[in-house]
Amino acid sequence: MAGIGFQLKKMFNERGLLANVRAYSYSAIVTVGPLALCILLMTVAQQLLISVKTPYAERELFLAATQYALIFSQIITGGFNLIVSRYVADQLFLEKYENILSSMYGVIAICISIGGVCAFIFFSFSPLDLTFKLVSYILFVELIIVWIQCMYVSALKDYMKIVKSFFVGVLISGLAFVICIKFLQIYSATAMMICLDIGFFFMLIKFTKYIRNFFKVNNFKYFLFLSYMKMHPLLFICGFFYTLGLYGHNFIVWQGEHQHIVEDTFVIAPFYDVPVFFAYLSVLPAMVLFVVSVETNFYTAYKTYYNRILNSFPLKDILSAKRDMFKVLSLELSFIAEIQLFVAVCSIALGLKFLPLLGMTYNQIQIFIIFVLGFLFFIIMYTVVLLLLYYDDQRGASWTTMIYTIGSMAVTLLFLHDGKYGFAVFITAFFSLLFGLWKLTKYLNRIDYYTFCSQPLIPKKKIKQF
């Protein structure tokens with residue numbers, strides 16, 4: 001999250017509750033804002049359609065199309081997330097700001113090309129109306145662009161503009177929903193999709209404006225960032241498998257007995273997808289807490305340790321900084337785990353109380369509970385993965401995410417016909433967490449070796465063509 005750390009430190013240094021609320025709000029907006037926005041808009045649209053007794057087929061089509069756009073836009077951009085974050089952070093450090101804007105255009109071009117081909121093939125076999133295909137495709141492309149832009153907005157200094165863009169986008173789509181349903185009495189899935197398109201279009205236009213105003217120079221080297229794909233291929237693998245791991249188990253269940261096909265196009269499993277969706281909401285607080293904790297506490301200790309090494313401090317001072325870093329790391333990881341455990345307990349309690357009111361059955365609530373506990377291990381595992389990346393242990397981070405993703409899909413397939421939904425994520429997240437903690441502990445126990453001895457004494461210059 002290049003750039004957000006300085007702003008968060010500045011806010012937390014200010015005294016008072018309001019400063020802390022602002023810091024957490026900015027972190028939440030940058031970290032989970034677009035996802036929360038999409039979820040909020042989908043929920044509002046569904047409730048409005050239900051309130052006017054819209055035919056179930058229209059509501060189902062709208063929900064399925066937005067679900068596909070949300071999931072596959074994240075999967076397509078997921079592999080580039082860590083690569084771009086590393087590239088932008090390096091360019092900021094080197095003060096080569098002219099490379100940043102062009103890289104954003106390059107990533108957008110690649111992801112839209114991939115997504116466009118996939119969407120064209122997918123819709124080619126669909127009997128849906130051409131207009132609905134078009135507006136669904138537009139939403140899919142807009143989400144791809146927004147996910148990419150979120151990799152860059154953390155480098156901006158004016159977070160109030162970012163917050164305003166999110167909320168104005170929500171209000172525009174919400175207002176469009178109300179006008180279509182209450183005043184124009186248009187209840188079609190196509191109209192609802194157009195309303196979503198308008199809100200996200202406003203948001204991506206504003207983001208583009210802010211990013212261009214901050215990084216004013218475009219050197220037209222749109223694909224220079226691809227050199228990082230060759231330098232750090234494990235970052236791409238780690239980001240891709242993390243995103244795939246969020247939804248891979250859903251793809252397996254979609255092929256089982258609860259499969260439901262919407263308009264001969266979208267394959268879903270509402271019996272499974274709905275409780276998983278509500279359970280996933282329980283990890284959002286931990287994602288925000290991680291950004292705040294790392295950028296305001298751990299990074300300070302981390303930077304102190306390596307600065308003392310680089311500036312040739314006495315060994316006593318270096319060892320003291322290392323102990324402080326280990327202590328802060330342990331405290332912050334424990335804090336995130338404790339908060340997530342508290343959130344999980346509250347989520348289960350609230351789910352038992354309110355989910356039956358939304359029409360969820362006893363079996364679905366059981367799935368929800370198992371997934372909340374499974375996501376407890378999952379989000380701590382992902383925190384460990386990001387800490388491994390802080391220490392540049394890309395191999396350990398990649399293996400951790402691959403074990404979770406491949407394991408969760410394989411175990412889900414194994415339990416597919418037994419009805420033991422959710423146990424796959426619970427089991428694989430737990431063992432992936434243990435593996436990640438083992439890798440992190442192993443690295444920290446040998447940090448002196450990795451710091452002083454792992455690099456070659458005489459660097460070899462390699463000629464790379466990519």
# chains A, B, ... in the order shown; residues from 1 in each chain; ligands from 1
>>> select_by_dssp(residues="range 173-302 of chain A", states="strand (DSSP E)", output="list in words")
His260, Ile261, Val262, Phe266, Val267 and Ile268 of chain A
>>> residues_around(residues="Ala321 in chain A", least_positions_apart="2", cutoff="10 Å", atoms="only C-alpha atoms", output="VMD selection string")
chain A and resid 301 to 309 315 to 319 323 to 327
>>> write_last_selection(atoms="N, CA, C and O atoms", output="tab-separated table (two decimals), in the first residue's frame")
chain	number	residue	atom	x	y	z
A	301	ALA	N	9.30	-0.36	13.35
A	301	ALA	CA	10.32	-1.23	13.94
A	301	ALA	C	11.14	-1.92	12.87
A	301	ALA	O	12.37	-2.07	13.00
A	302	TYR	N	10.48	-2.35	11.80
A	302	TYR	CA	11.15	-3.00	10.66
A	302	TYR	C	12.18	-2.05	10.03
A	302	TYR	O	13.33	-2.42	9.77
A	303	LYS	N	11.77	-0.82	9.81
A	303	LYS	CA	12.65	0.17	9.19
A	303	LYS	C	13.81	0.52	10.10
A	303	LYS	O	14.95	0.70	9.64
A	304	THR	N	13.56	0.62	11.40
A	304	THR	CA	14.62	0.93	12.36
A	304	THR	C	15.71	-0.13	12.34
A	304	THR	O	16.91	0.18	12.35
A	305	TYR	N	15.31	-1.40	12.31
A	305	TYR	CA	16.27	-2.50	12.31
A	305	TYR	C	17.17	-2.44	11.09
A	305	TYR	O	18.41	-2.47	11.19
A	306	TYR	N	16.58	-2.29	9.90
A	306	TYR	CA	17.40	-2.30	8.70
A	306	TYR	C	18.17	-1.00	8.51
A	306	TYR	O	19.27	-1.00	7.93
A	307	ASN	N	17.65	0.10	9.01
A	307	ASN	CA	18.40	1.36	8.95
A	307	ASN	C	19.67	1.29	9.80
A	307	ASN	O	20.72	1.83	9.42
A	308	ARG	N	19.56	0.63	10.94
A	308	ARG	CA	20.74	0.51	11.80
A	308	ARG	C	21.81	-0.37	11.15
A	308	ARG	O	23.01	-0.13	11.33
A	309	ILE	N	21.36	-1.36	10.41
A	309	ILE	CA	22.32	-2.19	9.67
A	309	ILE	C	22.98	-1.38	8.55
A	309	ILE	O	24.21	-1.37	8.40
A	315	LEU	N	26.77	-3.33	17.07
A	315	LEU	CA	26.03	-4.59	17.11
A	315	LEU	C	24.97	-4.59	18.20
A	315	LEU	O	23.87	-5.13	18.01
A	316	LYS	N	25.28	-3.97	19.35
A	316	LYS	CA	24.32	-3.92	20.45
A	316	LYS	C	23.04	-3.22	20.03
A	316	LYS	O	21.94	-3.67	20.34
A	317	ASP	N	23.16	-2.14	19.29
A	317	ASP	CA	21.97	-1.39	18.84
A	317	ASP	C	21.20	-2.18	17.79
A	317	ASP	O	19.96	-2.15	17.76
A	318	ILE	N	21.90	-2.90	16.91
A	318	ILE	CA	21.23	-3.71	15.89
A	318	ILE	C	20.43	-4.84	16.54
A	318	ILE	O	19.28	-5.09	16.18
A	319	LEU	N	21.05	-5.52	17.52
A	319	LEU	CA	20.36	-6.60	18.21
A	319	LEU	C	19.16	-6.09	18.99
A	319	LEU	O	18.12	-6.75	19.06
A	323	ARG	N	15.26	-7.26	18.42
A	323	ARG	CA	14.35	-7.72	19.48
A	323	ARG	C	13.07	-6.90	19.48
A	323	ARG	O	11.96	-7.44	19.65
A	324	ASP	N	13.21	-5.59	19.31
A	324	ASP	CA	12.01	-4.73	19.27
A	324	ASP	C	11.12	-5.09	18.08
A	324	ASP	O	9.89	-5.11	18.19
A	325	MET	N	11.74	-5.37	16.94
A	325	MET	CA	10.97	-5.74	15.75
A	325	MET	C	10.22	-7.04	15.98
A	325	MET	O	9.03	-7.15	15.64
A	326	PHE	N	10.88	-8.03	16.55
A	326	PHE	CA	10.23	-9.31	16.84
A	326	PHE	C	9.07	-9.12	17.82
A	326	PHE	O	8.00	-9.73	17.67
A	327	LYS	N	9.28	-8.27	18.81
A	327	LYS	CA	8.24	-8.04	19.81
A	327	LYS	C	7.02	-7.38	19.18
A	327	LYS	O	5.88	-7.80	19.42
>>> residues_around(residues="Arg395 in chain A", least_positions_apart="2", cutoff="12 Å", atoms="only C-alpha atoms", output="list in words")
His232, Pro233, Leu234, Leu235, Phe236, Ile237, Cys238, Val385, Leu388, Leu389, Tyr391, Asp392, Asp393, Ala397, Ser398, Trp399, Thr400, Thr401, Met402, Gly436, Lys439, Leu440 and Tyr443 of chain A
>>> write_last_selection(atoms="C-alpha atoms", output="compact mmCIF listing (two decimals), in the first residue's frame")
# COMPACT_ATOMS: atom_id res chain seq x y z
CA HIS A 232 9.46 -11.58 -9.29
CA PRO A 233 7.27 -14.28 -10.88
CA LEU A 234 6.39 -15.67 -7.45
CA LEU A 235 4.59 -12.42 -6.61
CA PHE A 236 2.26 -12.98 -9.55
CA ILE A 237 1.70 -16.60 -8.50
CA CYS A 238 1.03 -15.57 -4.90
CA VAL A 385 1.73 -14.26 3.85
CA LEU A 388 6.59 -13.06 4.56
CA LEU A 389 6.49 -10.72 1.58
CA TYR A 391 10.82 -9.97 4.41
CA ASP A 392 10.89 -10.84 0.68
CA ASP A 393 10.31 -14.54 1.31
CA ALA A 397 4.40 -16.81 0.65
CA SER A 398 3.64 -18.47 -2.69
CA TRP A 399 3.71 -21.99 -1.25
CA THR A 400 1.37 -20.93 1.55
CA THR A 401 -1.26 -19.53 -0.82
CA MET A 402 -0.92 -22.47 -3.23
CA GLY A 436 2.90 -20.03 6.93
CA LYS A 439 7.97 -20.48 7.26
CA LEU A 440 7.84 -17.11 9.05
CA TYR A 443 12.94 -17.06 8.39
>>> residues_around(residues="Ile369 in chain A", least_positions_apart="2", cutoff="10 Å", atoms="only C-alpha atoms", output="list of chain:residue names")
A:Pro275, A:Val276, A:Phe278, A:Ala279, A:Ala344, A:Val345, A:Ser347, A:Ile348, A:Ala349, A:Gly351, A:Leu352, A:Gln364, A:Ile365, A:Gln366, A:Ile367, A:Phe371, A:Val372, A:Leu373, A:Gly374, A:Phe375, A:Gly422
>>> write_last_selection(atoms="N, CA and C atoms", output="compact mmCIF listing (two decimals), in the first residue's frame")
# COMPACT_ATOMS: atom_id res chain seq x y z
N PRO A 275 -24.52 -18.25 2.16
CA PRO A 275 -23.83 -18.27 3.46
C PRO A 275 -22.34 -17.97 3.36
N VAL A 276 -21.70 -18.38 2.25
CA VAL A 276 -20.27 -18.06 2.06
C VAL A 276 -20.09 -16.55 1.93
N PHE A 278 -21.97 -14.11 3.19
CA PHE A 278 -22.12 -13.44 4.49
C PHE A 278 -20.94 -13.75 5.41
N ALA A 279 -20.40 -14.95 5.32
CA ALA A 279 -19.24 -15.30 6.14
C ALA A 279 -18.01 -14.50 5.72
N ALA A 344 -15.39 -12.91 14.67
CA ALA A 344 -15.99 -14.20 14.29
C ALA A 344 -17.10 -14.59 15.26
N VAL A 345 -16.85 -14.41 16.55
CA VAL A 345 -17.87 -14.75 17.56
C VAL A 345 -19.10 -13.85 17.39
N SER A 347 -20.00 -12.33 14.65
CA SER A 347 -20.65 -12.67 13.38
C SER A 347 -21.55 -13.89 13.52
N ILE A 348 -21.06 -14.90 14.24
CA ILE A 348 -21.87 -16.10 14.46
C ILE A 348 -23.12 -15.76 15.26
N ALA A 349 -22.96 -14.94 16.30
CA ALA A 349 -24.11 -14.57 17.13
C ALA A 349 -25.14 -13.79 16.31
N GLY A 351 -25.42 -13.82 13.05
CA GLY A 351 -25.94 -14.70 12.01
C GLY A 351 -27.06 -15.59 12.52
N LEU A 352 -26.87 -16.15 13.71
CA LEU A 352 -27.92 -16.99 14.30
C LEU A 352 -29.19 -16.21 14.55
N GLN A 364 -27.94 -24.02 5.83
CA GLN A 364 -27.16 -22.88 5.35
C GLN A 364 -26.50 -22.14 6.51
N ILE A 365 -27.19 -22.03 7.61
CA ILE A 365 -26.60 -21.36 8.78
C ILE A 365 -25.43 -22.17 9.32
N GLN A 366 -25.52 -23.49 9.25
CA GLN A 366 -24.39 -24.33 9.67
C GLN A 366 -23.19 -24.10 8.76
N ILE A 367 -23.44 -23.96 7.47
CA ILE A 367 -22.35 -23.65 6.53
C ILE A 367 -21.74 -22.29 6.87
N PHE A 371 -17.83 -21.56 7.88
CA PHE A 371 -17.03 -20.66 7.06
C PHE A 371 -16.49 -19.48 7.86
N VAL A 372 -17.25 -18.97 8.79
CA VAL A 372 -16.74 -17.89 9.64
C VAL A 372 -15.50 -18.35 10.39
N LEU A 373 -15.55 -19.57 10.93
CA LEU A 373 -14.38 -20.11 11.63
C LEU A 373 -13.23 -20.41 10.66
N GLY A 374 -13.58 -20.89 9.47
CA GLY A 374 -12.54 -21.14 8.47
C GLY A 374 -11.87 -19.86 8.01
N PHE A 375 -12.67 -18.81 7.81
CA PHE A 375 -12.10 -17.52 7.39
C PHE A 375 -11.29 -16.88 8.51
N GLY A 422 -17.95 -26.47 3.62
CA GLY A 422 -17.26 -25.56 4.53
C GLY A 422 -16.07 -26.17 5.23
>>> closest_residue(among="A:Leu437, A:Val217, A:Cys38, A:Met151", to="Ile108 in chain A", atoms="only C-alpha atoms")
A:Met151
>>> residues_around(residues="range 64-73 of chain A", least_positions_apart="5", cutoff="9 Å", atoms="only C-alpha atoms", output="list in words")
Leu35, Cys38, Met42, Arg59, Gly78, Cys111, Gly115, Ser136, Tyr137, Leu139, Phe140, Val141, Glu142, Leu143, Ile144, Ile145, Trp147, Met193, Thr243, Leu246, Tyr247, Val262, Phe266, Val267 and Ile268 of chain A
>>> atom_distance(atom1="CA of Leu386 in chain A", atom2="CA of Ser165 in chain A")
28.0 Å
>>> atom_distance(atom1="CA of Ala269 in chain A", atom2="CA of Ile252 in chain A")
10.0 Å
>>> residues_around(residues="range 329-340 of chain A", least_positions_apart="6", cutoff="10 Å", atoms="only C-alpha atoms", output="MDAnalysis selection string")
chainID A and resid 282:290 293:294 297:299 301:302 323 346 372:373 375:377 379:381 383:384 387
>>> atom_distance(atom1="CA of Ser85 in chain A", atom2="CA of Phe120 in chain A")
29.2 Å
>>> residues_around(residues="Leu175 in chain A", least_positions_apart="3", cutoff="12 Å", atoms="only C-alpha atoms", output="PyMOL selection string")
chain A and resi 41+44-45+48+167-172+178-183+192+195-196+198-199
>>> write_last_selection(atoms="all heavy atoms", output="short mmCIF file (atom, residue, chain, number, x, y, z; two decimals), in the first residue's frame")
data_model
loop_
_atom_site.label_atom_id
_atom_site.label_comp_id
_atom_site.auth_asym_id
_atom_site.auth_seq_id
_atom_site.Cartn_x
_atom_site.Cartn_y
_atom_site.Cartn_z
N LEU A 41 -24.23 -1.91 -3.11
CA LEU A 41 -25.11 -1.60 -4.22
C LEU A 41 -25.94 -2.81 -4.64
O LEU A 41 -27.14 -2.68 -4.94
CB LEU A 41 -24.29 -1.09 -5.41
CG LEU A 41 -23.66 0.29 -5.24
CD1 LEU A 41 -22.82 0.64 -6.46
CD2 LEU A 41 -24.71 1.36 -5.01
N VAL A 44 -28.68 -3.23 -1.96
CA VAL A 44 -29.73 -2.21 -2.08
C VAL A 44 -30.64 -2.51 -3.27
O VAL A 44 -31.87 -2.43 -3.16
CB VAL A 44 -29.10 -0.81 -2.23
CG1 VAL A 44 -30.14 0.23 -2.61
CG2 VAL A 44 -28.42 -0.40 -0.92
N ALA A 45 -30.01 -2.86 -4.40
CA ALA A 45 -30.81 -3.15 -5.59
C ALA A 45 -31.73 -4.35 -5.37
O ALA A 45 -32.92 -4.33 -5.75
CB ALA A 45 -29.89 -3.41 -6.78
N LEU A 48 -34.66 -3.34 -3.10
CA LEU A 48 -35.63 -2.50 -3.81
C LEU A 48 -36.47 -3.34 -4.77
O LEU A 48 -37.69 -3.13 -4.88
CB LEU A 48 -34.90 -1.40 -4.58
CG LEU A 48 -34.33 -0.25 -3.75
CD1 LEU A 48 -33.50 0.68 -4.63
CD2 LEU A 48 -35.46 0.55 -3.09
N PHE A 167 -18.38 7.52 -2.03
CA PHE A 167 -19.73 7.78 -1.55
C PHE A 167 -20.61 8.42 -2.63
O PHE A 167 -21.81 8.11 -2.70
CB PHE A 167 -19.68 8.67 -0.30
CG PHE A 167 -19.32 7.92 0.93
CD1 PHE A 167 -18.07 8.06 1.50
CD2 PHE A 167 -20.21 7.04 1.53
CE1 PHE A 167 -17.70 7.36 2.64
CE2 PHE A 167 -19.87 6.33 2.66
CZ PHE A 167 -18.61 6.48 3.22
N VAL A 168 -20.04 9.28 -3.45
CA VAL A 168 -20.83 9.87 -4.53
C VAL A 168 -21.22 8.80 -5.54
O VAL A 168 -22.35 8.79 -6.05
CB VAL A 168 -20.05 11.02 -5.21
CG1 VAL A 168 -20.80 11.51 -6.45
CG2 VAL A 168 -19.84 12.17 -4.24
N GLY A 169 -20.30 7.86 -5.82
CA GLY A 169 -20.63 6.75 -6.71
C GLY A 169 -21.78 5.92 -6.18
O GLY A 169 -22.68 5.52 -6.92
N VAL A 170 -21.75 5.65 -4.86
CA VAL A 170 -22.85 4.90 -4.23
C VAL A 170 -24.16 5.67 -4.35
O VAL A 170 -25.21 5.10 -4.70
CB VAL A 170 -22.52 4.63 -2.75
CG1 VAL A 170 -23.74 4.05 -2.03
CG2 VAL A 170 -21.34 3.69 -2.62
N LEU A 171 -24.11 6.96 -4.07
CA LEU A 171 -25.33 7.77 -4.11
C LEU A 171 -25.90 7.85 -5.52
O LEU A 171 -27.13 7.81 -5.69
CB LEU A 171 -25.03 9.17 -3.57
CG LEU A 171 -24.74 9.27 -2.07
CD1 LEU A 171 -24.35 10.70 -1.70
CD2 LEU A 171 -25.94 8.82 -1.25
N ILE A 172 -25.03 7.97 -6.51
CA ILE A 172 -25.51 8.05 -7.89
C ILE A 172 -26.24 6.77 -8.28
O ILE A 172 -27.35 6.80 -8.83
CB ILE A 172 -24.34 8.33 -8.85
CG1 ILE A 172 -23.84 9.76 -8.67
CG2 ILE A 172 -24.76 8.10 -10.30
CD1 ILE A 172 -22.62 10.10 -9.49
N VAL A 178 -33.59 4.08 -7.32
CA VAL A 178 -34.87 4.60 -6.83
C VAL A 178 -35.69 5.19 -7.98
O VAL A 178 -36.91 4.97 -8.08
CB VAL A 178 -34.62 5.66 -5.74
CG1 VAL A 178 -35.94 6.34 -5.34
CG2 VAL A 178 -33.97 5.03 -4.52
N ILE A 179 -35.03 5.95 -8.85
CA ILE A 179 -35.74 6.57 -9.97
C ILE A 179 -36.33 5.50 -10.89
O ILE A 179 -37.50 5.59 -11.31
CB ILE A 179 -34.79 7.48 -10.77
CG1 ILE A 179 -34.40 8.70 -9.91
CG2 ILE A 179 -35.43 7.93 -12.08
CD1 ILE A 179 -33.36 9.59 -10.56
N CYS A 180 -35.55 4.48 -11.20
CA CYS A 180 -36.03 3.42 -12.10
C CYS A 180 -37.19 2.65 -11.49
O CYS A 180 -38.18 2.37 -12.17
CB CYS A 180 -34.89 2.46 -12.44
SG CYS A 180 -33.73 3.09 -13.66
N ILE A 181 -37.05 2.30 -10.21
CA ILE A 181 -38.04 1.42 -9.60
C ILE A 181 -39.26 2.17 -9.11
O ILE A 181 -40.41 1.78 -9.39
CB ILE A 181 -37.38 0.64 -8.43
CG1 ILE A 181 -36.30 -0.31 -8.98
CG2 ILE A 181 -38.43 -0.15 -7.65
CD1 ILE A 181 -35.52 -1.03 -7.92
N LYS A 182 -39.06 3.26 -8.38
CA LYS A 182 -40.17 3.96 -7.75
C LYS A 182 -40.92 4.91 -8.68
O LYS A 182 -42.15 5.04 -8.60
CB LYS A 182 -39.66 4.75 -6.53
CG LYS A 182 -39.07 3.89 -5.43
CD LYS A 182 -40.14 3.01 -4.78
CE LYS A 182 -39.56 2.24 -3.60
NZ LYS A 182 -40.57 1.37 -2.95
N PHE A 183 -40.17 5.58 -9.58
CA PHE A 183 -40.79 6.60 -10.42
C PHE A 183 -41.07 6.11 -11.84
O PHE A 183 -42.16 6.32 -12.37
CB PHE A 183 -39.91 7.86 -10.45
CG PHE A 183 -39.78 8.53 -9.11
CD1 PHE A 183 -38.67 8.31 -8.32
CD2 PHE A 183 -40.77 9.38 -8.65
CE1 PHE A 183 -38.53 8.92 -7.09
CE2 PHE A 183 -40.65 9.99 -7.41
CZ PHE A 183 -39.54 9.76 -6.62
N MET A 192 -31.32 -2.32 -13.81
CA MET A 192 -30.52 -2.32 -12.57
C MET A 192 -29.03 -2.36 -12.89
O MET A 192 -28.22 -1.72 -12.23
CB MET A 192 -30.91 -3.52 -11.71
CG MET A 192 -32.35 -3.52 -11.21
SD MET A 192 -32.76 -2.08 -10.19
CE MET A 192 -33.57 -1.01 -11.41
N CYS A 195 -27.83 1.03 -13.87
CA CYS A 195 -27.65 1.88 -12.69
C CYS A 195 -26.30 1.60 -12.02
O CYS A 195 -25.61 2.54 -11.59
CB CYS A 195 -28.78 1.64 -11.69
SG CYS A 195 -30.41 2.14 -12.28
N LEU A 196 -25.93 0.34 -11.92
CA LEU A 196 -24.62 -0.01 -11.37
C LEU A 196 -23.50 0.55 -12.26
O LEU A 196 -22.51 1.09 -11.75
CB LEU A 196 -24.47 -1.53 -11.27
CG LEU A 196 -25.00 -2.24 -10.03
CD1 LEU A 196 -24.70 -3.72 -10.12
CD2 LEU A 196 -24.40 -1.66 -8.77
N ILE A 198 -23.48 3.15 -14.09
CA ILE A 198 -23.36 4.61 -13.95
C ILE A 198 -22.52 4.95 -12.71
O ILE A 198 -21.63 5.80 -12.76
CB ILE A 198 -24.75 5.25 -13.86
CG1 ILE A 198 -25.49 5.10 -15.19
CG2 ILE A 198 -24.65 6.73 -13.49
CD1 ILE A 198 -26.95 5.53 -15.15
N GLY A 199 -22.82 4.29 -11.57
CA GLY A 199 -22.08 4.58 -10.34
C GLY A 199 -20.61 4.25 -10.45
O GLY A 199 -19.75 5.05 -10.06
#
>>> closest_residue(among="A:Glu263, A:Leu204, A:Ala191, A:Gly174", to="Ala57 in chain A", atoms="only C-alpha atoms")
A:Glu263
>>> closest_residue(among="A:Leu37, A:Leu61, A:Leu49, A:Leu224", to="Ile100 in chain A", atoms="only C-alpha atoms")
A:Leu224
>>> closest_residue(among="A:Asn445, A:Gln91, A:Ser188, A:Asn218", to="Glu58 in chain A", atoms="only C-alpha atoms")
A:Ser188
>>> closest_residue(among="A:Leu416, A:Met229, A:Ile75, A:Met409", to="His258 in chain A", atoms="only C-alpha atoms")
A:Leu416
